[in-house]
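Undergrad: Please find target_22.cif (mmCIF, N, CA and C atoms) on the next line:
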data_entry
loop_
_atom_site.label_atom_id
_atom_site.label_comp_id
_atom_site.auth_asym_id
_atom_site.auth_seq_id
_atom_site.Cartn_x
_atom_site.Cartn_y
_atom_site.Cartn_z
N MET A 18 28.63 -132.64 166.12
CA MET A 18 27.65 -131.59 166.33
C MET A 18 26.35 -131.99 165.63
N ASN A 19 25.24 -131.91 166.34
CA ASN A 19 23.97 -132.30 165.72
C ASN A 19 23.48 -131.22 164.75
N GLU A 20 22.48 -131.56 163.96
CA GLU A 20 21.98 -130.65 162.93
C GLU A 20 21.41 -129.36 163.53
N GLU A 21 20.74 -129.47 164.66
CA GLU A 21 20.17 -128.27 165.31
C GLU A 21 21.28 -127.30 165.69
N LEU A 22 22.36 -127.81 166.28
CA LEU A 22 23.46 -126.93 166.67
C LEU A 22 24.14 -126.32 165.45
N LYS A 23 24.29 -127.11 164.39
CA LYS A 23 24.87 -126.58 163.15
C LYS A 23 24.02 -125.44 162.61
N SER A 24 22.72 -125.63 162.63
CA SER A 24 21.79 -124.61 162.15
C SER A 24 21.87 -123.35 163.01
N LEU A 25 21.90 -123.51 164.32
CA LEU A 25 21.99 -122.36 165.22
C LEU A 25 23.30 -121.62 165.03
N TYR A 26 24.40 -122.37 164.85
CA TYR A 26 25.69 -121.71 164.63
C TYR A 26 25.70 -120.97 163.30
N SER A 27 25.13 -121.56 162.27
CA SER A 27 25.06 -120.89 160.96
C SER A 27 24.29 -119.59 161.08
N TRP A 28 23.16 -119.61 161.79
CA TRP A 28 22.37 -118.40 161.99
C TRP A 28 23.19 -117.36 162.74
N PHE A 29 23.88 -117.78 163.80
CA PHE A 29 24.75 -116.87 164.55
C PHE A 29 25.81 -116.27 163.64
N ASP A 30 26.46 -117.12 162.86
CA ASP A 30 27.56 -116.67 162.01
C ASP A 30 27.08 -115.65 160.97
N ILE A 31 25.91 -115.87 160.40
CA ILE A 31 25.34 -114.94 159.41
C ILE A 31 25.05 -113.59 160.06
N LYS A 32 24.57 -113.60 161.30
CA LYS A 32 24.17 -112.37 161.99
C LYS A 32 25.20 -111.92 163.02
N ARG A 33 26.39 -112.51 162.98
CA ARG A 33 27.41 -112.29 164.00
C ARG A 33 27.65 -110.81 164.32
N ASP A 34 27.92 -110.00 163.31
CA ASP A 34 28.24 -108.59 163.56
C ASP A 34 27.12 -107.89 164.31
N GLU A 35 25.90 -108.15 163.92
CA GLU A 35 24.73 -107.56 164.57
C GLU A 35 24.58 -108.08 166.01
N ILE A 36 24.79 -109.38 166.21
CA ILE A 36 24.61 -110.01 167.52
C ILE A 36 25.66 -109.55 168.52
N ILE A 37 26.91 -109.44 168.08
CA ILE A 37 27.99 -109.13 169.03
C ILE A 37 28.15 -107.64 169.31
N GLU A 38 27.52 -106.80 168.48
CA GLU A 38 27.66 -105.36 168.66
C GLU A 38 27.21 -104.95 170.06
N GLY A 39 28.12 -104.31 170.79
CA GLY A 39 27.82 -103.85 172.14
C GLY A 39 27.89 -104.93 173.21
N HIS A 40 28.31 -106.13 172.82
CA HIS A 40 28.35 -107.26 173.77
C HIS A 40 29.70 -107.98 173.73
N ARG A 41 30.75 -107.24 173.45
CA ARG A 41 32.09 -107.79 173.31
C ARG A 41 32.44 -108.74 174.44
N ASP A 42 32.81 -109.94 174.08
CA ASP A 42 33.31 -110.98 174.98
C ASP A 42 32.26 -111.55 175.94
N GLU A 43 31.00 -111.16 175.78
CA GLU A 43 29.93 -111.80 176.55
C GLU A 43 29.56 -113.10 175.86
N ARG A 44 28.67 -113.85 176.47
CA ARG A 44 28.14 -115.07 175.85
C ARG A 44 26.69 -114.82 175.48
N VAL A 45 26.30 -115.28 174.30
CA VAL A 45 24.92 -115.12 173.85
C VAL A 45 24.26 -116.49 173.84
N LEU A 46 23.05 -116.55 174.33
CA LEU A 46 22.25 -117.77 174.34
C LEU A 46 21.25 -117.67 173.19
N ILE A 47 21.26 -118.67 172.30
CA ILE A 47 20.41 -118.67 171.11
C ILE A 47 19.61 -119.96 171.08
N SER A 48 18.32 -119.82 170.78
CA SER A 48 17.44 -120.97 170.57
C SER A 48 16.40 -120.58 169.54
N ASP A 49 16.05 -121.50 168.65
CA ASP A 49 15.06 -121.24 167.59
C ASP A 49 15.39 -119.99 166.79
N ASN A 50 16.69 -119.78 166.52
CA ASN A 50 17.16 -118.61 165.77
C ASN A 50 16.69 -117.30 166.39
N LYS A 51 16.70 -117.27 167.72
CA LYS A 51 16.37 -116.06 168.47
C LYS A 51 17.38 -115.90 169.59
N ILE A 52 17.70 -114.66 169.89
CA ILE A 52 18.58 -114.37 171.02
C ILE A 52 17.74 -114.43 172.29
N ILE A 53 18.13 -115.30 173.20
CA ILE A 53 17.44 -115.43 174.48
C ILE A 53 18.00 -114.42 175.47
N GLY A 54 19.33 -114.22 175.44
CA GLY A 54 19.95 -113.26 176.34
C GLY A 54 21.45 -113.26 176.22
N TYR A 55 22.06 -112.31 176.91
CA TYR A 55 23.52 -112.18 176.97
C TYR A 55 23.95 -112.40 178.42
N TYR A 56 25.12 -113.03 178.59
CA TYR A 56 25.58 -113.43 179.92
C TYR A 56 27.09 -113.21 180.04
N PRO A 57 27.58 -113.08 181.27
CA PRO A 57 29.02 -112.86 181.46
C PRO A 57 29.87 -114.09 181.18
N ASP A 58 29.24 -115.29 181.27
CA ASP A 58 30.01 -116.52 181.04
C ASP A 58 29.07 -117.66 180.65
N GLU A 59 29.67 -118.79 180.25
CA GLU A 59 28.90 -119.95 179.80
C GLU A 59 28.02 -120.52 180.90
N LYS A 60 28.55 -120.54 182.11
CA LYS A 60 27.81 -121.14 183.23
C LYS A 60 26.46 -120.45 183.42
N ASN A 61 26.46 -119.13 183.45
CA ASN A 61 25.21 -118.39 183.62
C ASN A 61 24.26 -118.60 182.45
N ALA A 62 24.80 -118.67 181.25
CA ALA A 62 23.97 -118.89 180.06
C ALA A 62 23.29 -120.26 180.11
N VAL A 63 24.05 -121.29 180.45
CA VAL A 63 23.50 -122.64 180.51
C VAL A 63 22.48 -122.76 181.64
N GLU A 64 22.78 -122.15 182.78
CA GLU A 64 21.82 -122.18 183.90
C GLU A 64 20.49 -121.54 183.49
N ASP A 65 20.56 -120.41 182.77
CA ASP A 65 19.33 -119.76 182.33
C ASP A 65 18.61 -120.61 181.30
N ALA A 66 19.34 -121.26 180.42
CA ALA A 66 18.72 -122.13 179.42
C ALA A 66 17.94 -123.24 180.12
N LYS A 67 18.53 -123.83 181.15
CA LYS A 67 17.85 -124.89 181.90
C LYS A 67 16.60 -124.36 182.60
N LYS A 68 16.70 -123.16 183.18
CA LYS A 68 15.55 -122.55 183.86
C LYS A 68 14.40 -122.33 182.88
N GLN A 69 14.75 -122.06 181.63
CA GLN A 69 13.73 -121.80 180.62
C GLN A 69 13.23 -123.09 179.96
N GLY A 70 13.73 -124.22 180.44
CA GLY A 70 13.26 -125.51 179.93
C GLY A 70 13.91 -125.95 178.63
N LEU A 71 14.99 -125.30 178.24
CA LEU A 71 15.68 -125.70 177.01
C LEU A 71 16.52 -126.94 177.28
N GLU A 72 16.56 -127.84 176.32
CA GLU A 72 17.32 -129.07 176.47
C GLU A 72 18.63 -128.98 175.70
N LEU A 73 19.65 -129.67 176.21
CA LEU A 73 20.94 -129.70 175.51
C LEU A 73 20.73 -130.13 174.07
N GLY A 74 21.40 -129.43 173.17
CA GLY A 74 21.26 -129.73 171.76
C GLY A 74 20.24 -128.85 171.07
N ASN A 75 19.41 -128.15 171.87
CA ASN A 75 18.39 -127.27 171.30
C ASN A 75 18.70 -125.80 171.53
N PHE A 76 19.89 -125.52 172.05
CA PHE A 76 20.32 -124.14 172.22
C PHE A 76 21.83 -124.07 172.01
N LEU A 77 22.28 -122.84 171.75
CA LEU A 77 23.70 -122.59 171.51
C LEU A 77 24.14 -121.47 172.41
N VAL A 78 25.28 -121.65 173.06
CA VAL A 78 25.93 -120.57 173.80
C VAL A 78 27.20 -120.24 173.04
N GLN A 79 27.31 -118.99 172.61
CA GLN A 79 28.43 -118.59 171.76
C GLN A 79 29.09 -117.34 172.33
N ARG A 80 30.41 -117.32 172.30
CA ARG A 80 31.16 -116.14 172.74
C ARG A 80 31.03 -115.04 171.69
N CYS A 81 30.82 -113.83 172.13
CA CYS A 81 30.64 -112.68 171.23
C CYS A 81 32.00 -112.11 170.82
N ILE A 82 32.58 -112.75 169.82
CA ILE A 82 33.84 -112.28 169.24
C ILE A 82 33.71 -112.32 167.72
N SER A 83 34.61 -111.58 167.07
CA SER A 83 34.58 -111.53 165.60
C SER A 83 35.00 -112.87 165.01
N LYS A 84 34.68 -113.06 163.76
CA LYS A 84 35.08 -114.28 163.04
C LYS A 84 36.60 -114.42 163.05
N GLU A 85 37.30 -113.31 162.85
CA GLU A 85 38.76 -113.33 162.83
C GLU A 85 39.32 -113.79 164.17
N GLU A 86 38.75 -113.28 165.27
CA GLU A 86 39.20 -113.69 166.60
C GLU A 86 38.94 -115.17 166.83
N GLU A 87 37.78 -115.65 166.37
CA GLU A 87 37.44 -117.06 166.53
C GLU A 87 38.42 -117.93 165.76
N LEU A 88 38.74 -117.55 164.54
CA LEU A 88 39.69 -118.33 163.73
C LEU A 88 41.07 -118.33 164.37
N GLN A 89 41.51 -117.19 164.91
CA GLN A 89 42.80 -117.11 165.58
C GLN A 89 42.84 -118.03 166.78
N MET A 90 41.75 -118.05 167.53
CA MET A 90 41.67 -118.89 168.72
C MET A 90 41.84 -120.36 168.34
N PHE A 91 41.15 -120.81 167.27
CA PHE A 91 41.26 -122.19 166.85
C PHE A 91 42.64 -122.51 166.29
N GLU A 92 43.25 -121.57 165.61
CA GLU A 92 44.60 -121.79 165.09
C GLU A 92 45.59 -121.92 166.24
N ASN A 93 45.42 -121.14 167.28
CA ASN A 93 46.33 -121.16 168.43
C ASN A 93 46.25 -122.46 169.21
N ILE A 94 45.08 -123.11 169.22
CA ILE A 94 44.98 -124.37 169.97
C ILE A 94 45.18 -125.58 169.06
N GLY A 95 45.44 -125.32 167.79
CA GLY A 95 45.75 -126.40 166.87
C GLY A 95 44.59 -127.17 166.34
N VAL A 96 43.42 -126.56 166.28
CA VAL A 96 42.24 -127.25 165.74
C VAL A 96 42.28 -127.21 164.24
#
Represent the structure contained in this file as structure tokens.

TA:
Amino acid sequence: MNEELKSLYSWFDIKRDEIIEGHRDERVLISDNKIIGYYPDEKNAVEDAKKQGLELGNFLVQRCISKEEELQMFENIGV
């Protein structure tokens, strides 16, 4: 993971509760530590990122779930 993505994920993680409120299980598109939008799935989020001229590595698409749910998901797949 490049430094930009690490930074974007850290920002998301710090503001997670605020970001996911009211958007359960949607995908959030983040760039420059700003929420660009919420989407039903990754495909729509990435398509919108491309339309807005964002390049891979300069944006993050993250599922709107709690930290606990995310940790459970990774434990279940053996990461």

Undergrad: Please list as a list in words every residue within 12 Å of Ile52 (chain A), counting only C-alpha atoms and excluding residues in the same chain fewer than 5 positions away.

TA: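 My reading of the contact set: Leu25, Trp28, Phe29, Lys32, Arg33, Glu35, Ile36, Ile37, Arg44, Val45, Leu46, Ile47, Ala62, Ala66, Phe76, Leu77, Val78 and Gln79 of chain A.
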
Undergrad: On this structure, which residues satisfy the PyMOL selection byres ((chain A and resi 82-87) around 8), written as a list of chain:residue names?

TA: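 After applying the PyMOL selection byres ((chain A and resi 82-87) around 8), what remains is A:Asp30, A:Arg33, A:Asp34, A:Ile36, A:Ile37, A:Glu38, A:His40, A:Arg41, A:Asp42, A:Glu43, A:Arg44, A:Gln79, A:Arg80, A:Cys81, A:Leu88, A:Gln89, A:Met90, A:Phe91, A:Glu92, A:Asn93.
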
Undergrad: Hey, what does DSSP flag as alpha helix (DSSP H) within chain A? Can you give it to me as number ranges by chain?

TA: A: 20-31, 33-37, 59-68, 84-93

Undergrad: Take the residues just selected and output them with N, CA and C atoms as a CSV table (one decimal), in the frame of the given file.

TA:
chain,number,residue,atom,x,y,z
A,20,GLU,N,22.5,-131.6,164.0
A,20,GLU,CA,22.0,-130.6,162.9
A,20,GLU,C,21.4,-129.4,163.5
A,21,GLU,N,20.7,-129.5,164.7
A,21,GLU,CA,20.2,-128.3,165.3
A,21,GLU,C,21.3,-127.3,165.7
A,22,LEU,N,22.4,-127.8,166.3
A,22,LEU,CA,23.5,-126.9,166.7
A,22,LEU,C,24.1,-126.3,165.4
A,23,LYS,N,24.3,-127.1,164.4
A,23,LYS,CA,24.9,-126.6,163.2
A,23,LYS,C,24.0,-125.4,162.6
A,24,SER,N,22.7,-125.6,162.6
A,24,SER,CA,21.8,-124.6,162.2
A,24,SER,C,21.9,-123.4,163.0
A,25,LEU,N,21.9,-123.5,164.3
A,25,LEU,CA,22.0,-122.4,165.2
A,25,LEU,C,23.3,-121.6,165.0
A,26,TYR,N,24.4,-122.4,164.8
A,26,TYR,CA,25.7,-121.7,164.6
A,26,TYR,C,25.7,-121.0,163.3
A,27,SER,N,25.1,-121.6,162.3
A,27,SER,CA,25.1,-120.9,161.0
A,27,SER,C,24.3,-119.6,161.1
A,28,TRP,N,23.2,-119.6,161.8
A,28,TRP,CA,22.4,-118.4,162.0
A,28,TRP,C,23.2,-117.4,162.7
A,29,PHE,N,23.9,-117.8,163.8
A,29,PHE,CA,24.8,-116.9,164.6
A,29,PHE,C,25.8,-116.3,163.6
A,30,ASP,N,26.5,-117.1,162.9
A,30,ASP,CA,27.6,-116.7,162.0
A,30,ASP,C,27.1,-115.6,161.0
A,31,ILE,N,25.9,-115.9,160.4
A,31,ILE,CA,25.3,-114.9,159.4
A,31,ILE,C,25.0,-113.6,160.1
A,33,ARG,N,26.4,-112.5,163.0
A,33,ARG,CA,27.4,-112.3,164.0
A,33,ARG,C,27.6,-110.8,164.3
A,34,ASP,N,27.9,-110.0,163.3
A,34,ASP,CA,28.2,-108.6,163.6
A,34,ASP,C,27.1,-107.9,164.3
A,35,GLU,N,25.9,-108.2,163.9
A,35,GLU,CA,24.7,-107.6,164.6
A,35,GLU,C,24.6,-108.1,166.0
A,36,ILE,N,24.8,-109.4,166.2
A,36,ILE,CA,24.6,-110.0,167.5
A,36,ILE,C,25.7,-109.6,168.5
A,37,ILE,N,26.9,-109.4,168.1
A,37,ILE,CA,28.0,-109.1,169.0
A,37,ILE,C,28.2,-107.6,169.3
A,59,GLU,N,29.7,-118.8,180.2
A,59,GLU,CA,28.9,-120.0,179.8
A,59,GLU,C,28.0,-120.5,180.9
A,60,LYS,N,28.6,-120.5,182.1
A,60,LYS,CA,27.8,-121.1,183.2
A,60,LYS,C,26.5,-120.4,183.4
A,61,ASN,N,26.5,-119.1,183.4
A,61,ASN,CA,25.2,-118.4,183.6
A,61,ASN,C,24.3,-118.6,182.4
A,62,ALA,N,24.8,-118.7,181.2
A,62,ALA,CA,24.0,-118.9,180.1
A,62,ALA,C,23.3,-120.3,180.1
A,63,VAL,N,24.0,-121.3,180.4
A,63,VAL,CA,23.5,-122.6,180.5
A,63,VAL,C,22.5,-122.8,181.6
A,64,GLU,N,22.8,-122.2,182.8
A,64,GLU,CA,21.8,-122.2,183.9
A,64,GLU,C,20.5,-121.5,183.5
A,65,ASP,N,20.6,-120.4,182.8
A,65,ASP,CA,19.3,-119.8,182.3
A,65,ASP,C,18.6,-120.6,181.3
A,66,ALA,N,19.3,-121.3,180.4
A,66,ALA,CA,18.7,-122.1,179.4
A,66,ALA,C,17.9,-123.2,180.1
A,67,LYS,N,18.5,-123.8,181.2
A,67,LYS,CA,17.8,-124.9,181.9
A,67,LYS,C,16.6,-124.4,182.6
A,68,LYS,N,16.7,-123.2,183.2
A,68,LYS,CA,15.6,-122.6,183.9
A,68,LYS,C,14.4,-122.3,182.9
A,84,LYS,N,34.7,-113.1,163.8
A,84,LYS,CA,35.1,-114.3,163.0
A,84,LYS,C,36.6,-114.4,163.0
A,85,GLU,N,37.3,-113.3,162.8
A,85,GLU,CA,38.8,-113.3,162.8
A,85,GLU,C,39.3,-113.8,164.2
A,86,GLU,N,38.8,-113.3,165.3
A,86,GLU,CA,39.2,-113.7,166.6
A,86,GLU,C,38.9,-115.2,166.8
A,87,GLU,N,37.8,-115.6,166.4
A,87,GLU,CA,37.4,-117.1,166.5
A,87,GLU,C,38.4,-117.9,165.8
A,88,LEU,N,38.7,-117.6,164.5
A,88,LEU,CA,39.7,-118.3,163.7
A,88,LEU,C,41.1,-118.3,164.4
A,89,GLN,N,41.5,-117.2,164.9
A,89,GLN,CA,42.8,-117.1,165.6
A,89,GLN,C,42.8,-118.0,166.8
A,90,MET,N,41.8,-118.0,167.5
A,90,MET,CA,41.7,-118.9,168.7
A,90,MET,C,41.8,-120.4,168.3
A,91,PHE,N,41.2,-120.8,167.3
A,91,PHE,CA,41.3,-122.2,166.8
A,91,PHE,C,42.6,-122.5,166.3
A,92,GLU,N,43.2,-121.6,165.6
A,92,GLU,CA,44.6,-121.8,165.1
A,92,GLU,C,45.6,-121.9,166.2
A,93,ASN,N,45.4,-121.1,167.3
A,93,ASN,CA,46.3,-121.2,168.4
A,93,ASN,C,46.2,-122.5,169.2

Undergrad: Since I can't run it myself right now, could you work out what the PyMOL selection byres (((chain A and resi 74 and name CA) around 9) and name CA) selects here and report it as a JSON list (two decimals) with N, CA and C atoms, keeping the file's coordinate frame?

TA:
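Written output follows (part.json):
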[["chain", "number", "residue", "atom", "x", "y", "z"],
["A", 18, "MET", "N", 28.63, -132.64, 166.12],
["A", 18, "MET", "CA", 27.65, -131.59, 166.33],
["A", 18, "MET", "C", 26.35, -131.99, 165.63],
["A", 19, "ASN", "N", 25.24, -131.91, 166.34],
["A", 19, "ASN", "CA", 23.97, -132.30, 165.72],
["A", 19, "ASN", "C", 23.48, -131.22, 164.75],
["A", 20, "GLU", "N", 22.48, -131.56, 163.96],
["A", 20, "GLU", "CA", 21.98, -130.65, 162.93],
["A", 20, "GLU", "C", 21.41, -129.36, 163.53],
["A", 21, "GLU", "N", 20.74, -129.47, 164.66],
["A", 21, "GLU", "CA", 20.17, -128.27, 165.31],
["A", 21, "GLU", "C", 21.28, -127.30, 165.69],
["A", 22, "LEU", "N", 22.36, -127.81, 166.28],
["A", 22, "LEU", "CA", 23.46, -126.93, 166.67],
["A", 22, "LEU", "C", 24.14, -126.32, 165.45],
["A", 71, "LEU", "N", 14.99, -125.30, 178.24],
["A", 71, "LEU", "CA", 15.68, -125.70, 177.01],
["A", 71, "LEU", "C", 16.52, -126.94, 177.28],
["A", 72, "GLU", "N", 16.56, -127.84, 176.32],
["A", 72, "GLU", "CA", 17.32, -129.07, 176.47],
["A", 72, "GLU", "C", 18.63, -128.98, 175.70],
["A", 73, "LEU", "N", 19.65, -129.67, 176.21],
["A", 73, "LEU", "CA", 20.94, -129.70, 175.51],
["A", 73, "LEU", "C", 20.73, -130.13, 174.07],
["A", 75, "ASN", "N", 19.41, -128.15, 171.87],
["A", 75, "ASN", "CA", 18.39, -127.27, 171.30],
["A", 75, "ASN", "C", 18.70, -125.80, 171.53],
["A", 76, "PHE", "N", 19.89, -125.52, 172.05],
["A", 76, "PHE", "CA", 20.32, -124.14, 172.22],
["A", 76, "PHE", "C", 21.83, -124.07, 172.01],
["A", 77, "LEU", "N", 22.28, -122.84, 171.75],
["A", 77, "LEU", "CA", 23.70, -122.59, 171.51],
["A", 77, "LEU", "C", 24.14, -121.47, 172.41]]

Undergrad: For the strand (DSSP E) assignment from backbone DSSP, which residues of chain A qualify? Please present them as a list in words.

TA: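 DSSP on the backbone gives strand (DSSP E) at Arg44, Val45, Leu46, Ile47, Ser48, Lys51, Ile52, Ile53, Gly54, Tyr55, Tyr56, Leu77, Val78, Gln79 and Arg80 of chain A.
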
Undergrad: Pull N, CA and C atoms from the residues just selected and write them as a compact mmCIF listing (two decimals), keeping the file's coordinate frame.

TA:
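Result saved to selection-v1.txt:
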# COMPACT_ATOMS: atom_id res chain seq x y z
N ARG A 44 28.67 -113.85 176.47
CA ARG A 44 28.14 -115.07 175.85
C ARG A 44 26.69 -114.82 175.48
N VAL A 45 26.30 -115.28 174.30
CA VAL A 45 24.92 -115.12 173.85
C VAL A 45 24.26 -116.49 173.84
N LEU A 46 23.05 -116.55 174.33
CA LEU A 46 22.25 -117.77 174.34
C LEU A 46 21.25 -117.67 173.19
N ILE A 47 21.26 -118.67 172.30
CA ILE A 47 20.41 -118.67 171.11
C ILE A 47 19.61 -119.96 171.08
N SER A 48 18.32 -119.82 170.78
CA SER A 48 17.44 -120.97 170.57
C SER A 48 16.40 -120.58 169.54
N LYS A 51 16.70 -117.27 167.72
CA LYS A 51 16.37 -116.06 168.47
C LYS A 51 17.38 -115.90 169.59
N ILE A 52 17.70 -114.66 169.89
CA ILE A 52 18.58 -114.37 171.02
C ILE A 52 17.74 -114.43 172.29
N ILE A 53 18.13 -115.30 173.20
CA ILE A 53 17.44 -115.43 174.48
C ILE A 53 18.00 -114.42 175.47
N GLY A 54 19.33 -114.22 175.44
CA GLY A 54 19.95 -113.26 176.34
C GLY A 54 21.45 -113.26 176.22
N TYR A 55 22.06 -112.31 176.91
CA TYR A 55 23.52 -112.18 176.97
C TYR A 55 23.95 -112.40 178.42
N TYR A 56 25.12 -113.03 178.59
CA TYR A 56 25.58 -113.43 179.92
C TYR A 56 27.09 -113.21 180.04
N LEU A 77 22.28 -122.84 171.75
CA LEU A 77 23.70 -122.59 171.51
C LEU A 77 24.14 -121.47 172.41
N VAL A 78 25.28 -121.65 173.06
CA VAL A 78 25.93 -120.57 173.80
C VAL A 78 27.20 -120.24 173.04
N GLN A 79 27.31 -118.99 172.61
CA GLN A 79 28.43 -118.59 171.76
C GLN A 79 29.09 -117.34 172.33
N ARG A 80 30.41 -117.32 172.30
CA ARG A 80 31.16 -116.14 172.74
C ARG A 80 31.03 -115.04 171.69

Undergrad: By how many Å are CA of Gln69 (chain A) and CA of Tyr55 (chain A) apart?

TA: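 Going from CA of Gln69 (chain A) over to CA of Tyr55 (chain A), I get 14.2 Å.
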